[in-house]
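Asker: Contents of run_18.cif (mmCIF, C-alpha atoms, pLDDT in the B column; chains and numbers go by the auth columns) are given next:
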data_run
#
loop_
_atom_site.group_PDB
_atom_site.id
_atom_site.type_symbol
_atom_site.label_atom_id
_atom_site.label_comp_id
_atom_site.label_asym_id
_atom_site.label_seq_id
_atom_site.Cartn_x
_atom_site.Cartn_y
_atom_site.Cartn_z
_atom_site.B_iso_or_equiv
_atom_site.auth_seq_id
_atom_site.auth_asym_id
ATOM 1 C CA MET A 1 9.107 -30.727 12.833 56.00 26 R
ATOM 2 C CA PRO A 2 10.120 -33.642 10.602 69.00 27 R
ATOM 3 C CA ALA A 3 11.098 -33.031 6.955 67.00 28 R
ATOM 4 C CA SER A 4 8.041 -35.060 5.902 67.00 29 R
ATOM 5 C CA ALA A 5 5.832 -32.229 7.215 59.00 30 R
ATOM 6 C CA ARG A 6 7.584 -29.601 5.090 58.00 31 R
ATOM 7 C CA LEU A 7 5.652 -27.813 2.361 54.00 32 R
ATOM 8 C CA GLY A 8 7.687 -27.473 -0.836 61.00 33 R
ATOM 9 C CA ASP A 9 11.421 -27.891 -1.151 67.00 34 R
ATOM 10 C CA GLU A 10 14.025 -26.841 1.375 72.00 35 R
ATOM 11 C CA GLY A 11 14.776 -23.140 1.005 67.00 36 R
ATOM 12 C CA ASP A 12 11.470 -22.413 -0.737 61.00 37 R
ATOM 13 C CA GLY A 13 9.620 -21.227 2.384 62.00 38 R
ATOM 14 C CA LEU A 14 9.077 -17.665 1.178 55.00 39 R
ATOM 15 C CA ALA A 15 7.835 -18.803 -2.236 57.00 40 R
ATOM 16 C CA VAL A 16 5.434 -21.290 -0.627 55.00 41 R
ATOM 17 C CA THR A 17 4.155 -18.619 1.761 58.00 42 R
ATOM 18 C CA LEU A 18 3.718 -15.972 -0.896 54.00 43 R
ATOM 19 C CA GLY A 19 2.149 -18.330 -3.413 53.00 44 R
ATOM 20 C CA GLY A 20 -0.147 -19.883 -0.842 56.00 45 R
ATOM 21 C CA PHE A 21 -1.268 -16.672 0.811 56.00 46 R
ATOM 22 C CA LEU A 22 -0.618 -13.558 -1.238 69.00 47 R
ATOM 23 C CA LEU A 23 -1.843 -14.922 -4.553 76.00 48 R
ATOM 24 C CA PRO A 24 -5.439 -15.682 -3.463 81.00 49 R
ATOM 25 C CA SER A 25 -5.422 -12.731 -1.070 87.00 50 R
ATOM 26 C CA ARG A 26 -4.574 -10.308 -3.879 92.00 51 R
ATOM 27 C CA VAL A 27 -7.441 -11.726 -5.925 94.00 52 R
ATOM 28 C CA SER A 28 -9.724 -11.277 -2.920 93.00 53 R
ATOM 29 C CA VAL A 29 -8.675 -7.639 -2.456 94.00 54 R
ATOM 30 C CA ALA A 30 -9.194 -7.030 -6.171 96.00 55 R
ATOM 31 C CA MET A 31 -12.701 -8.502 -6.045 97.00 56 R
ATOM 32 C CA SER A 32 -13.549 -6.402 -2.991 96.00 57 R
ATOM 33 C CA CYS A 33 -12.532 -3.363 -5.070 97.00 58 R
ATOM 34 C CA VAL A 34 -14.994 -4.463 -7.737 98.00 59 R
ATOM 35 C CA GLY A 35 -17.767 -4.836 -5.158 97.00 60 R
ATOM 36 C CA LEU A 36 -17.094 -1.456 -3.575 97.00 61 R
ATOM 37 C CA ALA A 37 -16.944 0.186 -7.009 98.00 62 R
ATOM 38 C CA GLU A 38 -20.301 -1.379 -7.873 98.00 63 R
ATOM 39 C CA ARG A 39 -21.736 0.151 -4.686 98.00 64 R
ATOM 40 C CA ALA A 40 -20.309 3.569 -5.578 98.00 65 R
ATOM 41 C CA GLN A 41 -21.854 3.288 -9.047 98.00 66 R
ATOM 42 C CA GLU A 42 -25.201 2.227 -7.574 98.00 67 R
ATOM 43 C CA LEU A 43 -25.198 5.258 -5.280 97.00 68 R
ATOM 44 C CA ALA A 44 -24.251 7.585 -8.148 98.00 69 R
ATOM 45 C CA VAL A 45 -27.037 6.241 -10.372 98.00 70 R
ATOM 46 C CA GLU A 46 -29.616 6.556 -7.577 98.00 71 R
ATOM 47 C CA TYR A 47 -28.532 10.122 -6.876 97.00 72 R
ATOM 48 C CA ALA A 48 -28.444 11.095 -10.568 98.00 73 R
ATOM 49 C CA ASN A 49 -31.987 9.792 -11.031 98.00 74 R
ATOM 50 C CA ARG A 50 -33.186 11.700 -7.963 97.00 75 R
ATOM 51 C CA ARG A 51 -31.344 15.056 -8.109 97.00 76 R
ATOM 52 C CA GLU A 52 -32.705 17.868 -10.245 96.00 77 R
ATOM 53 C CA THR A 53 -30.967 21.052 -11.325 95.00 78 R
ATOM 54 C CA PHE A 54 -32.524 23.763 -13.449 96.00 79 R
ATOM 55 C CA GLY A 55 -35.676 21.684 -13.943 96.00 80 R
ATOM 56 C CA LYS A 56 -33.910 18.563 -15.188 97.00 81 R
ATOM 57 C CA LYS A 57 -32.671 15.374 -13.526 98.00 82 R
ATOM 58 C CA ILE A 58 -28.883 15.309 -13.612 98.00 83 R
ATOM 59 C CA ALA A 59 -29.131 11.781 -15.074 98.00 84 R
ATOM 60 C CA GLU A 60 -30.292 13.486 -18.288 98.00 85 R
ATOM 61 C CA ARG A 61 -27.118 15.544 -18.515 98.00 86 R
ATOM 62 C CA GLN A 62 -24.470 14.249 -20.872 98.00 87 R
ATOM 63 C CA ALA A 63 -21.546 14.899 -18.512 97.00 88 R
ATOM 64 C CA ILE A 64 -23.165 12.710 -15.841 98.00 89 R
ATOM 65 C CA GLN A 65 -24.041 10.016 -18.397 98.00 90 R
ATOM 66 C CA PHE A 66 -20.414 9.935 -19.571 98.00 91 R
ATOM 67 C CA MET A 67 -19.131 9.480 -16.005 98.00 92 R
ATOM 68 C CA LEU A 68 -21.569 6.648 -15.344 98.00 93 R
ATOM 69 C CA ALA A 69 -20.723 4.977 -18.662 98.00 94 R
ATOM 70 C CA GLU A 70 -16.993 5.178 -17.951 98.00 95 R
ATOM 71 C CA ASN A 71 -17.595 3.721 -14.489 98.00 96 R
ATOM 72 C CA TYR A 72 -19.551 0.825 -15.964 98.00 97 R
ATOM 73 C CA ALA A 73 -16.773 0.005 -18.432 98.00 98 R
ATOM 74 C CA ASP A 74 -14.086 0.292 -15.742 98.00 99 R
ATOM 75 C CA ILE A 75 -15.959 -2.027 -13.388 98.00 100 R
ATOM 76 C CA ALA A 76 -16.719 -4.602 -16.093 98.00 101 R
ATOM 77 C CA ALA A 77 -13.089 -4.714 -17.263 98.00 102 R
ATOM 78 C CA ALA A 78 -11.703 -5.093 -13.739 98.00 103 R
ATOM 79 C CA ARG A 79 -14.268 -7.785 -12.901 98.00 104 R
ATOM 80 C CA ALA A 80 -13.271 -9.788 -15.987 98.00 105 R
ATOM 81 C CA LEU A 81 -9.575 -9.688 -15.084 97.00 106 R
ATOM 82 C CA VAL A 82 -10.246 -10.587 -11.444 97.00 107 R
ATOM 83 C CA LEU A 83 -12.376 -13.566 -12.481 97.00 108 R
ATOM 84 C CA GLU A 84 -9.620 -14.708 -14.850 97.00 109 R
ATOM 85 C CA ALA A 85 -7.101 -14.450 -11.997 96.00 110 R
ATOM 86 C CA ALA A 86 -9.404 -16.439 -9.701 96.00 111 R
ATOM 87 C CA ARG A 87 -9.825 -19.174 -12.323 96.00 112 R
ATOM 88 C CA ALA A 88 -6.056 -19.316 -12.820 94.00 113 R
ATOM 89 C CA PHE A 89 -5.546 -19.732 -9.078 92.00 114 R
ATOM 90 C CA GLN A 90 -8.229 -22.425 -8.796 93.00 115 R
ATOM 91 C CA THR A 91 -6.767 -24.436 -11.660 95.00 116 R
ATOM 92 C CA GLY A 92 -3.142 -23.905 -10.641 92.00 117 R
ATOM 93 C CA ALA A 93 -2.310 -22.206 -13.940 92.00 118 R
ATOM 94 C CA ALA A 94 1.264 -21.045 -14.450 90.00 119 R
ATOM 95 C CA ASN A 95 0.166 -17.436 -14.860 92.00 120 R
ATOM 96 C CA ALA A 96 -1.883 -17.312 -11.636 91.00 121 R
ATOM 97 C CA GLY A 97 0.705 -15.208 -9.812 90.00 122 R
ATOM 98 C CA ILE A 98 1.059 -12.544 -12.467 93.00 123 R
ATOM 99 C CA LEU A 99 -2.716 -12.430 -12.957 95.00 124 R
ATOM 100 C CA SER A 100 -3.317 -11.966 -9.232 94.00 125 R
ATOM 101 C CA SER A 101 -0.899 -9.030 -9.120 94.00 126 R
ATOM 102 C CA ALA A 102 -2.240 -7.551 -12.366 96.00 127 R
ATOM 103 C CA SER A 103 -5.849 -7.875 -11.187 97.00 128 R
ATOM 104 C CA LYS A 104 -5.130 -6.143 -7.893 96.00 129 R
ATOM 105 C CA MET A 105 -3.206 -3.391 -9.674 96.00 130 R
ATOM 106 C CA ILE A 106 -6.009 -2.775 -12.170 97.00 131 R
ATOM 107 C CA ALA A 107 -8.795 -3.052 -9.580 97.00 132 R
ATOM 108 C CA VAL A 108 -7.139 -0.544 -7.235 97.00 133 R
ATOM 109 C CA ASP A 109 -6.709 1.975 -10.050 96.00 134 R
ATOM 110 C CA MET A 110 -10.285 1.321 -11.167 98.00 135 R
ATOM 111 C CA ILE A 111 -11.851 1.886 -7.748 98.00 136 R
ATOM 112 C CA THR A 112 -10.007 5.188 -7.457 96.00 137 R
ATOM 113 C CA ARG A 113 -11.469 6.418 -10.754 98.00 138 R
ATOM 114 C CA VAL A 114 -14.958 5.050 -10.116 98.00 139 R
ATOM 115 C CA THR A 115 -15.363 6.429 -6.616 97.00 140 R
ATOM 116 C CA ASP A 116 -13.984 9.784 -7.719 97.00 141 R
ATOM 117 C CA LYS A 117 -16.598 10.035 -10.472 98.00 142 R
ATOM 118 C CA ALA A 118 -19.352 8.751 -8.187 98.00 143 R
ATOM 119 C CA LEU A 119 -18.489 11.459 -5.676 97.00 144 R
ATOM 120 C CA GLN A 120 -18.411 14.026 -8.493 97.00 145 R
ATOM 121 C CA VAL A 121 -21.970 13.027 -9.451 97.00 146 R
ATOM 122 C CA HIS A 122 -23.018 13.800 -5.872 96.00 147 R
ATOM 123 C CA GLY A 123 -21.282 17.167 -5.959 93.00 148 R
ATOM 124 C CA GLY A 124 -20.455 18.931 -2.710 88.00 149 R
ATOM 125 C CA GLN A 125 -23.101 16.993 -0.798 84.00 150 R
ATOM 126 C CA GLY A 126 -21.089 13.831 -1.363 84.00 151 R
ATOM 127 C CA TYR A 127 -18.500 14.983 1.179 82.00 152 R
ATOM 128 C CA TRP A 128 -20.986 15.099 4.031 83.00 153 R
ATOM 129 C CA LYS A 129 -20.703 12.172 6.407 82.00 154 R
ATOM 130 C CA ARG A 130 -24.443 11.617 6.315 86.00 155 R
ATOM 131 C CA ASN A 131 -24.119 10.489 2.681 90.00 156 R
ATOM 132 C CA THR A 132 -23.071 6.890 2.083 94.00 157 R
ATOM 133 C CA ILE A 133 -20.871 7.862 -0.860 94.00 158 R
ATOM 134 C CA GLU A 134 -18.553 9.735 1.525 94.00 159 R
ATOM 135 C CA ARG A 135 -17.777 6.490 3.364 94.00 160 R
ATOM 136 C CA VAL A 136 -17.437 4.493 0.149 94.00 161 R
ATOM 137 C CA TYR A 137 -15.032 7.115 -1.207 93.00 162 R
ATOM 138 C CA ARG A 138 -12.977 6.949 1.998 93.00 163 R
ATOM 139 C CA ASP A 139 -12.991 3.128 2.093 93.00 164 R
ATOM 140 C CA ALA A 140 -11.733 2.997 -1.491 94.00 165 R
ATOM 141 C CA ARG A 141 -8.271 4.101 -0.285 91.00 166 R
ATOM 142 C CA ALA A 142 -7.614 1.056 1.919 91.00 167 R
ATOM 143 C CA PRO A 143 -7.056 -1.546 -0.849 89.00 168 R
ATOM 144 C CA ARG A 144 -4.120 0.519 -2.124 87.00 169 R
ATOM 145 C CA PHE A 145 -2.104 -0.721 0.850 85.00 170 R
ATOM 146 C CA GLU A 146 -3.440 -4.269 1.284 81.00 171 R
ATOM 147 C CA GLU A 147 -1.311 -7.179 0.051 81.00 172 R
ATOM 148 C CA GLY A 148 1.313 -4.895 -1.452 80.00 173 R
ATOM 149 C CA THR A 149 1.049 -1.490 -3.046 83.00 174 R
ATOM 150 C CA ASN A 150 0.568 -1.052 -6.773 83.00 175 R
ATOM 151 C CA GLU A 151 4.269 -0.331 -7.082 89.00 176 R
ATOM 152 C CA ILE A 152 4.966 -3.832 -5.720 88.00 177 R
ATOM 153 C CA GLN A 153 2.367 -5.334 -8.083 89.00 178 R
ATOM 154 C CA LYS A 154 4.047 -3.567 -10.995 90.00 179 R
ATOM 155 C CA GLN A 155 7.394 -5.076 -10.006 91.00 180 R
ATOM 156 C CA VAL A 156 5.880 -8.562 -9.859 88.00 181 R
ATOM 157 C CA VAL A 157 4.216 -8.146 -13.254 90.00 182 R
ATOM 158 C CA ALA A 158 7.276 -6.532 -14.866 92.00 183 R
ATOM 159 C CA ARG A 159 9.538 -9.331 -13.618 92.00 184 R
ATOM 160 C CA SER A 160 7.335 -11.915 -15.357 90.00 185 R
ATOM 161 C CA VAL A 161 7.050 -9.841 -18.516 92.00 186 R
ATOM 162 C CA LEU A 162 10.793 -9.303 -18.718 93.00 187 R
ATOM 163 C CA ASN A 163 11.837 -12.892 -17.997 91.00 188 R
ATOM 164 C CA GLY A 164 9.360 -14.265 -20.530 89.00 189 R
ATOM 165 C CA THR A 165 7.106 -16.144 -18.080 86.00 190 R
ATOM 166 C CA ALA A 166 4.115 -13.847 -18.610 85.00 191 R
ATOM 167 C CA VAL A 167 1.399 -15.731 -20.477 78.00 192 R
ATOM 168 C CA TYR A 168 -1.254 -13.690 -22.269 77.00 193 R
#
Take the structure in the file and give it back as structure tokens.

Answerer:
Amino acid sequence: MPASARLGDEGDGLAVTLGGFLLPSRVSVAMSCVGLAERAQELAVEYANRRETFGKKIAERQAIQFMLAENYADIAAARALVLEAARAFQTGAANAGILSSASKMIAVDMITRVTDKALQVHGGQGYWKRNTIERVYRDARAPRFEEGTNEIQKQVVARSVLNGTAVY
């Protein structure tokens, strides 16, 4: 292959590959976490509005309301960070890399909390395979391993924070 066909500078192959693939891919994984968390929340709300205990819908119980409120806030915060990371990637902003890692890190932690609470709303029935929440809960584990674990994302973010290239 002639040098004119090379992407980037000589010796920068890994950086070109990681920046061209992992950055948008991490944003994509983070957004899929947001979508799956929204589905878990939707299922929890539907169930809470349908299920009755001791003559009262569980949606009227404060403990359930708190879980659903926390889920809403978690999802909204993760979505905002993921959208900021996507904009940074699209515009070629200097902080696109750190934002992609931070958004994946936050979204993975968020989906873990949200699906756990959504399953809790369903109670023991949520574990049965016939219930959609069981599959959503199980699927929420996969993003933890896609495009680098959270420990890797933390290293990427910390490196930028410590060397002063992190832009807030």

Asker: Can you give me, as a list in words, the residues this file yields under the PyMOL selection byres ((chain R and resi 106) around 10)?

Answerer: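 Going through the file, the PyMOL selection byres ((chain R and resi 106) around 10) ends up selecting Val52, Ala55, Met56, Ala101, Ala102, Ala103, Arg104, Ala105, Val107, Leu108, Glu109, Ala110, Ala111, Arg112, Leu124, Ser125, Ala127, Ser128, Lys129, Ile131 and Ala132 of chain R.
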
Asker: Do a neighbour search on Lys179 of chain R at 8 Å with only C-alpha atoms, toss out local chain neighbours closer than 3 positions, and write the hits as a PDB file with C-alpha atoms, keeping the file's coordinate frame.

Answerer:
ATOM      1  CA  SER R 126      -0.899  -9.030  -9.120  1.00 94.00           C
ATOM      2  CA  ALA R 127      -2.240  -7.551 -12.366  1.00 96.00           C
ATOM      3  CA  MET R 130      -3.206  -3.391  -9.674  1.00 96.00           C
ATOM      4  CA  ASN R 175       0.568  -1.052  -6.773  1.00 83.00           C
ATOM      5  CA  GLU R 176       4.269  -0.331  -7.082  1.00 89.00           C
ATOM      6  CA  VAL R 182       4.216  -8.146 -13.254  1.00 90.00           C
ATOM      7  CA  ALA R 183       7.276  -6.532 -14.866  1.00 92.00           C
TER       8      ALA R 183
END

Asker: Pull out every residue that the PyMOL selection byres ((chain R and resi 143) around 9) matches in the shown coordinates and put them as a PyMOL selection string.

Answerer: chain R and resi 62+65-70+92-93+96+138-142+144-148+151+158+162

Asker: With only C-alpha atoms as the basis for distance, which of R:Asn74, R:Thr174, R:Gln180, R:Gln90 is at the shortest distance from Val133 of chain R?

Answerer: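 Of all the options, R:Thr174 lies closest to Val133 of chain R.
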
Asker: When you count only C-alpha atoms, which of these residues is closest to Ala191 of chain R: R:Gly117, R:Gly80, R:Gly60, R:Gly122?

Answerer: R:Gly122

Asker: Mind pulling up the distance from atom CA of Ser53 of chain R to atom CA of Tyr72 of chain R?

Answerer: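 According to the coordinates, atom CA of Tyr72 of chain R and atom CA of Ser53 of chain R are separated by 28.8 Å.
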
Asker: What lies within 10 Å of Tyr193 of chain R using only C-alpha atoms, ignoring chain neighbours under 3 positions off, as a PyMOL selection string?

Answerer: chain R and resi 120+124+186+190

Asker: Can you work out the spacing between atom CA of Tyr152 of chain R and atom CA of Ala73 of chain R in Å, to one decimal?

Answerer: 15.9 Å

Asker: Here is a test: counting all atoms listed in the file, which residue of R:Arg76, R:Val59, R:Ile123, R:Ile83 is nearest to Tyr97 of chain R?

Answerer: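 Of all the options, R:Val59 lies closest to Tyr97 of chain R.
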
Asker: If we count only C-alpha atoms, what is near Glu172 of chain R at a cut-off of 9 Å, once residues fewer than 2 positions away on the same chain are taken out, given as a ChimeraX atom specification?

Answerer: /R:47,50-51,54,129,168-170,174

Asker: Have a look at atom CA of Glu85 of chain R and atom CA of Arg163 of chain R and let me know their distance in Å, one decimal.

Answerer: 27.5 Å

Asker: Between R:Val161, R:Val181, R:Leu187, R:Ala167, which one has atoms that come closest to Leu61 of chain R, using all atoms listed in the file?

Answerer: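 Of all the options, R:Val161 lies closest to Leu61 of chain R.
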
Asker: Report the centre and edge lengths, in Å to one decimal, of an axis-aligned box enclosing every atom of segment 154-157 of chain R listed in the file, padded by 8 Å on each side, as lines of an AutoDock Vina configuration file.

Answerer:
center_x = -22.6
center_y = 9.5
center_z = 4.2
size_x = 19.7
size_y = 21.3
size_z = 20.3

Asker: Under the rule that only C-alpha atoms are counted, which of R:Lys154, R:Ala118, R:Asn188, R:Glu63 is the nearest residue to Asp99 of chain R?

Answerer: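 Closest to Asp99 of chain R of all the choices is R:Glu63.
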